[in-house]
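*Asks:* First, the structure itself, so that you have it in front of you.
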Amino acid sequence: MGNITCGFFSILCASNYQFEIAAWLIVVAMVLDAFDGRLARMMKCTSEIGAQLDSMADLVTFGIAPAMLLIKACTDFSSVFLWGVGSFFMICAAFRLARFNIQKNDNTTMSSHFYTGLPTTLSGGTIAQLVILDHFIQVKFGIDVVATLLPFVTFTLGLFMVSKVPFFNITGKIGLKQGVWLMMLEFSAAILFFVLTPVLTLSTVLSCYLIICAMYGVVKSRHLKKEYSTT
(Lines give C-alpha, C1' and ligand atoms only; values in the text may rest on other atoms or scores of the structure.)
Protein backbone atom coordinates (compact mmCIF):
# COMPACT_ATOMS: atom_id res chain seq x y z
CA MET A 1 0.00 0.00 0.00
CA GLY A 2 2.89 2.35 0.77
CA ASN A 3 4.43 1.45 -2.59
CA ILE A 4 1.34 2.27 -4.65
CA THR A 5 0.67 5.43 -2.59
CA CYS A 6 4.17 6.69 -3.38
CA GLY A 7 3.53 5.94 -7.05
CA PHE A 8 0.27 7.88 -7.02
CA PHE A 9 1.82 10.94 -5.38
CA SER A 10 4.81 10.69 -7.72
CA ILE A 11 2.45 10.98 -10.69
CA LEU A 12 0.77 14.00 -9.12
CA CYS A 13 4.12 15.68 -8.42
CA ALA A 14 5.36 15.02 -11.96
CA SER A 15 2.12 16.50 -13.33
CA ASN A 16 2.83 19.64 -11.29
CA TYR A 17 6.47 19.79 -12.49
CA GLN A 18 7.90 18.83 -9.09
CA PHE A 19 10.29 16.39 -10.69
CA GLU A 20 12.76 15.88 -7.86
CA ILE A 21 10.03 15.10 -5.33
CA ALA A 22 8.38 12.74 -7.81
CA ALA A 23 11.68 10.92 -8.33
CA TRP A 24 12.42 10.59 -4.61
CA LEU A 25 8.95 9.13 -4.03
CA ILE A 26 9.84 6.36 -6.48
CA VAL A 27 13.08 5.77 -4.57
CA VAL A 28 11.13 5.50 -1.31
CA ALA A 29 8.81 3.00 -3.00
CA MET A 30 11.87 0.94 -3.99
CA VAL A 31 12.79 0.59 -0.32
CA LEU A 32 9.22 -0.41 0.61
CA ASP A 33 9.10 -2.91 -2.24
CA ALA A 34 12.39 -4.47 -1.13
CA PHE A 35 11.09 -5.28 2.35
CA ASP A 36 7.36 -5.97 1.96
CA GLY A 37 7.79 -9.60 0.91
CA ARG A 38 10.33 -10.35 3.62
CA LEU A 39 8.17 -8.67 6.24
CA ALA A 40 5.13 -10.69 5.17
CA ARG A 41 7.10 -13.94 5.38
CA MET A 42 8.52 -13.03 8.78
CA MET A 43 5.03 -12.30 10.09
CA LYS A 44 3.66 -15.41 8.33
CA CYS A 45 0.92 -13.40 6.63
CA THR A 46 1.65 -14.03 2.95
CA SER A 47 -1.42 -14.32 0.72
CA GLU A 48 -2.47 -14.40 -2.92
CA ILE A 49 -4.05 -10.96 -2.49
CA GLY A 50 -0.70 -9.61 -1.32
CA ALA A 51 1.07 -11.11 -4.31
CA GLN A 52 -1.40 -9.59 -6.78
CA LEU A 53 -1.40 -6.24 -4.99
CA ASP A 54 2.40 -6.18 -5.17
CA SER A 55 2.32 -6.48 -8.97
CA MET A 56 -0.39 -3.83 -9.32
CA ALA A 57 1.60 -1.46 -7.10
CA ASP A 58 4.77 -2.12 -9.13
CA LEU A 59 2.98 -1.31 -12.38
CA VAL A 60 1.78 2.04 -11.02
CA THR A 61 4.99 3.05 -9.24
CA PHE A 62 7.66 1.58 -11.51
CA GLY A 63 5.78 1.55 -14.81
CA ILE A 64 3.35 4.47 -15.06
CA ALA A 65 5.01 6.95 -12.66
CA PRO A 66 8.48 6.80 -14.33
CA ALA A 67 6.85 7.13 -17.77
CA MET A 68 4.99 10.24 -16.60
CA LEU A 69 8.19 11.60 -15.07
CA LEU A 70 10.00 11.09 -18.36
CA ILE A 71 7.29 12.82 -20.40
CA LYS A 72 7.13 15.85 -18.12
CA ALA A 73 10.86 16.25 -17.41
CA CYS A 74 12.28 15.97 -20.96
CA THR A 75 11.15 19.19 -22.57
CA ASP A 76 13.70 19.13 -25.41
CA PHE A 77 11.80 16.44 -27.33
CA SER A 78 8.46 16.41 -29.10
CA SER A 79 5.43 15.27 -27.13
CA VAL A 80 4.65 12.49 -29.61
CA PHE A 81 8.16 11.02 -29.25
CA LEU A 82 8.01 11.14 -25.45
CA TRP A 83 4.52 9.65 -25.37
CA GLY A 84 5.75 6.81 -27.54
CA VAL A 85 8.78 6.08 -25.37
CA GLY A 86 6.73 6.39 -22.17
CA SER A 87 4.03 4.06 -23.51
CA PHE A 88 6.64 1.54 -24.60
CA PHE A 89 8.24 1.55 -21.16
CA MET A 90 4.88 1.12 -19.40
CA ILE A 91 3.89 -1.77 -21.68
CA CYS A 92 7.23 -3.49 -21.10
CA ALA A 93 6.77 -3.13 -17.34
CA ALA A 94 3.28 -4.65 -17.54
CA PHE A 95 4.59 -7.54 -19.66
CA ARG A 96 7.48 -8.16 -17.27
CA LEU A 97 5.13 -8.33 -14.27
CA ALA A 98 2.63 -10.56 -16.08
CA ARG A 99 5.38 -12.97 -17.13
CA PHE A 100 6.65 -13.19 -13.57
CA ASN A 101 3.14 -13.90 -12.21
CA ILE A 102 2.55 -16.66 -14.76
CA GLN A 103 5.86 -18.31 -13.89
CA LYS A 104 4.97 -18.16 -10.21
CA ASN A 105 1.40 -19.47 -10.66
CA ASP A 106 2.57 -22.31 -12.89
CA ASN A 107 5.02 -23.37 -10.18
CA THR A 108 7.94 -22.85 -12.53
CA THR A 109 11.22 -23.69 -10.87
CA MET A 110 12.74 -20.38 -9.85
CA SER A 111 16.27 -19.59 -8.80
CA SER A 112 17.13 -17.06 -6.13
CA HIS A 113 20.34 -16.24 -8.02
CA PHE A 114 18.96 -14.51 -11.13
CA TYR A 115 15.99 -12.65 -12.57
CA THR A 116 14.81 -13.22 -16.14
CA GLY A 117 14.98 -9.72 -17.57
CA LEU A 118 15.48 -6.51 -15.66
CA PRO A 119 13.02 -6.15 -12.72
CA THR A 120 10.50 -3.31 -13.01
CA THR A 121 11.62 -1.94 -9.63
CA LEU A 122 15.15 -1.36 -10.87
CA SER A 123 13.94 0.01 -14.22
CA GLY A 124 11.67 2.60 -12.66
CA GLY A 125 14.25 3.38 -9.99
CA THR A 126 16.89 4.00 -12.64
CA ILE A 127 14.73 6.61 -14.36
CA ALA A 128 14.04 8.26 -11.00
CA GLN A 129 17.72 8.40 -10.02
CA LEU A 130 18.65 9.84 -13.43
CA VAL A 131 16.13 12.65 -12.93
CA ILE A 132 17.62 13.31 -9.48
CA LEU A 133 21.13 13.21 -10.94
CA ASP A 134 20.09 15.60 -13.72
CA HIS A 135 18.86 18.15 -11.18
CA PHE A 136 22.10 17.79 -9.21
CA ILE A 137 24.29 18.32 -12.32
CA GLN A 138 22.23 21.30 -13.46
CA VAL A 139 22.59 23.01 -10.07
CA LYS A 140 26.33 22.26 -9.75
CA PHE A 141 27.56 22.61 -13.32
CA GLY A 142 24.68 24.02 -15.39
CA ILE A 143 24.79 21.05 -17.79
CA ASP A 144 21.66 19.31 -19.10
CA VAL A 145 23.16 16.07 -20.41
CA VAL A 146 21.18 13.47 -18.46
CA ALA A 147 17.76 14.73 -19.55
CA THR A 148 18.92 14.58 -23.18
CA LEU A 149 19.87 10.91 -22.85
CA LEU A 150 16.93 9.89 -20.65
CA PRO A 151 14.45 8.88 -23.42
CA PHE A 152 17.02 6.59 -25.03
CA VAL A 153 17.97 5.09 -21.65
CA THR A 154 14.27 4.53 -20.93
CA PHE A 155 13.78 2.71 -24.23
CA THR A 156 16.78 0.48 -23.46
CA LEU A 157 15.45 -0.29 -20.00
CA GLY A 158 12.16 -1.38 -21.56
CA LEU A 159 13.99 -3.78 -23.86
CA PHE A 160 15.90 -5.26 -20.93
CA MET A 161 12.66 -5.80 -19.00
CA VAL A 162 11.06 -7.93 -21.71
CA SER A 163 14.31 -9.70 -22.60
CA LYS A 164 15.45 -13.02 -21.16
CA VAL A 165 18.83 -11.65 -20.14
CA PRO A 166 19.60 -12.93 -16.60
CA PHE A 167 20.20 -10.22 -14.00
CA PHE A 168 21.95 -11.18 -10.79
CA ASN A 169 19.69 -10.98 -7.73
CA ILE A 170 21.97 -9.17 -5.31
CA THR A 171 19.24 -8.82 -2.65
CA GLY A 172 19.05 -12.59 -2.41
CA LYS A 173 22.62 -12.60 -1.12
CA ILE A 174 21.95 -10.03 1.60
CA GLY A 175 20.58 -11.50 4.80
CA LEU A 176 21.31 -13.23 8.07
CA LYS A 177 22.85 -16.23 6.27
CA GLN A 178 25.97 -14.19 5.48
CA GLY A 179 26.44 -13.32 9.15
CA VAL A 180 25.01 -10.62 11.40
CA TRP A 181 28.22 -8.59 11.62
CA LEU A 182 28.81 -8.56 7.86
CA MET A 183 25.20 -7.58 7.22
CA MET A 184 25.41 -4.77 9.79
CA LEU A 185 28.65 -3.56 8.20
CA GLU A 186 27.04 -3.49 4.74
CA PHE A 187 23.99 -1.59 5.93
CA SER A 188 26.08 0.85 7.99
CA ALA A 189 28.34 1.63 5.02
CA ALA A 190 25.33 2.06 2.72
CA ILE A 191 23.58 4.41 5.16
CA LEU A 192 26.77 6.43 5.72
CA PHE A 193 27.42 6.96 2.01
CA PHE A 194 23.77 7.74 1.39
CA VAL A 195 23.68 10.37 4.16
CA LEU A 196 26.89 12.01 2.90
CA THR A 197 26.08 12.05 -0.83
CA PRO A 198 22.58 10.64 -1.48
CA VAL A 199 22.44 11.61 -5.15
CA LEU A 200 25.85 10.25 -6.12
CA THR A 201 25.48 7.12 -4.01
CA LEU A 202 22.12 6.24 -5.55
CA SER A 203 23.30 6.92 -9.10
CA THR A 204 26.59 5.04 -8.65
CA VAL A 205 25.05 1.93 -7.11
CA LEU A 206 22.21 1.56 -9.62
CA SER A 207 24.33 2.43 -12.66
CA CYS A 208 27.12 0.02 -11.70
CA TYR A 209 24.61 -2.74 -11.02
CA LEU A 210 22.87 -2.31 -14.38
CA ILE A 211 26.06 -2.07 -16.42
CA ILE A 212 27.82 -5.02 -14.76
CA CYS A 213 24.75 -7.29 -14.71
CA ALA A 214 23.79 -6.47 -18.28
CA MET A 215 27.27 -7.28 -19.57
CA TYR A 216 27.48 -10.41 -17.42
CA GLY A 217 24.01 -11.58 -18.47
CA VAL A 218 24.60 -11.09 -22.19
CA VAL A 219 27.93 -12.95 -22.11
CA LYS A 220 26.81 -15.75 -19.81
CA SER A 221 23.15 -16.13 -20.81
CA ARG A 222 23.60 -19.40 -22.69
CA HIS A 223 25.63 -20.91 -19.89
CA LEU A 224 23.20 -19.76 -17.21
CA LYS A 225 20.17 -21.19 -18.98
CA LYS A 226 21.71 -24.63 -18.69
CA GLU A 227 22.45 -24.30 -14.99
CA TYR A 228 19.54 -22.22 -13.67
CA SER A 229 15.81 -22.00 -14.14
CA THR A 230 15.62 -18.24 -13.83
CA THR A 231 12.79 -16.16 -12.43
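Scheme for the C-alpha coordinates: letters A, B, ... for chains in order shown; per-chain residue numbers from 1; ligand numbers from 1 in order shown.
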Quick one: residues within 12 Å of region 18-23 of chain A, only C-alpha atoms counted, chain neighbours fewer than 6 positions away excluded, as a PyMOL selection string?
*Replies:* chain A and resi 5-12+29-30+61-62+65-74+124-136+147+199+202
*Asks:* Just checking: using only C-alpha atoms, which residue out of A:Leu25, A:Leu150, A:Met90, A:Ile4 ends up closest to Thr75 (chain A)?
*Replies:*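 Once distances to Thr75 (chain A) are computed over only C-alpha atoms, the minimum belongs to A:Leu150.
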